[in-house]
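A short write-up of the structure that comes next.
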Amino acid sequence: GENVEQHPSTLSVQEGDSAVIKCTYSDSASNYFPWYKQELGKRPQLIIDIRSNVGEKKDQRIAVTLNKTAKHFSLHITETQPEDSAVYFCAASRRTGRRALTFGSGTRLQVQP
Amino acid sequence: NAGVTQTPKFQVLKTGQSMTLQCAQDMNHEYMSWYRQDPGMGLRLIHYSVGAGITDQGEVPNGYNVSRSTTEDFPLRLLSAAPSQTSVYFCASSYSKVSESEQYFGPGTRLTVT
């Protein structure tokens with residue numbers, strides 16, 4: 001089955017700096033890669049996603065890049081703000097077979113004011 | 001729309017007890033899933049359903065049963081609770097294939113087994 005590895009497990013940055021979180025996946029048939037943000041005690045919420053026919057996607061301060069050859073994808077947050085502090089999860093899913101997400105283990109991002 | 005709802009929010013069980021975690025969605029979503037979240041391990045798939053009457057196992061199905069008699073509801077049953085099942089449980093739904101549409105998560109149920 002699919003295996004998703006996520007690094008780093010914790011990340012501390014100064015407000016205004018950029019943050020990068022990286023994930024690798026094992027199943028070459030995976031074609032959908034969402035990123036979720038989870039604040040303490042809350043449910044995961046989708047912040048951005050990318051499909052395998054696209055190499056990069058951007059939404060304001062957030063961007064995701066995908067390298068299908070190397071089987072890795074990354075989340076980039078620019079101009080970080082204290083409200084970006086949360087746990088971020090990457091995930092992967094394939095079009096056929098098990099139609100659910102396999103998650104990475106999460107990255108706790110702390111933005112220092 | 002209420003979205004995805006889960007009950008109860010919190011539950012404490014003794015080892016060996018059984019219970020059902022409820023999940024409902026009012027968005028007419030075909031796909032529903034159950035995940036458990038443990039510290040440092042992300043979310044792991046327990047069971048999922050691609051439509052009423054159809055369920056399948058995820059990564060960690062042992063000790064759990066599901067059924068999907070209606071589009072709206074997807075209950076998760078713990079047959080004989082064990083301390084290893086202490087976790088936060090999330091239900092999720094999506095309109096179509098996960099690879100094609102956003103998954104919406106419920107607020108979660110925090111379960112403690114003593």
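Convention: chains lettered A, B, ... in structure tokens order; per-chain residue numbering from 1; ligands numbered from 1 as shown.
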
Task: Surrounding residues of Ala92 of chain A excluding itself and chain neighbours under 5 positions, 8 Å, only C-alpha atoms, as a VMD selection string - done: chain A and resid 2 4 25 30 to 34 101 to 103

TODO: Mind the document's chain letters and residue numbers, and return as an NGL selection string the residues of segment 39-71 of chain B that DSSP labels strand (DSSP E).
DONE: :B and (43-51 or 54-57 or 64-66)

Task: Computed interatomic separation between atom CA of Ser96 of chain B and atom CA of Cys23 of chain B (Å) - done: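 Distance between the two atoms: 17.8 Å.
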
Hey, which bits of chain A sit within 6 Å of chain B, and for each residue what's the closest pair of atoms and how far apart in Å (one decimal), counting only C-alpha atoms, rows by chain and increasing number, as CSV?
```
residue,atom,partner,partner_atom,distance
A:Tyr32,CA,B:Ser99,CA,5.1
A:Arg43,CA,B:Pro107,CA,5.2
A:Ser93,CA,B:Ser99,CA,5.8
A:Arg95,CA,B:Ser99,CA,5.6
A:Arg99,CA,B:Val98,CA,5.8
A:Ala100,CA,B:Val98,CA,5.8
A:Phe103,CA,B:Leu43,CA,5.8
A:Gly104,CA,B:Gly42,CA,5.8
A:Ser105,CA,B:Gly42,CA,4.0
A:Gly106,CA,B:Gly42,CA,5.7
```

TODO: Select, from B:Gln85, B:Gln6, B:Met27, B:Leu21, the residue with the minimum atom-to-atom distance to Ser67 of chain B, counting only C-alpha atoms.
DONE: B:Leu21

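Around Glu39 of chain A, within 12 Å and counting only C-alpha atoms, the residues found are Pro44, Gln45, Leu46, Glu83, Asp84, Ser85, Ala86, Val87, Tyr88, Phe89, Gly106, Thr107, Arg108, Leu109 and Gln110 of chain A; Pro107 of chain B, once anything fewer than 5 positions away on its own chain is removed.
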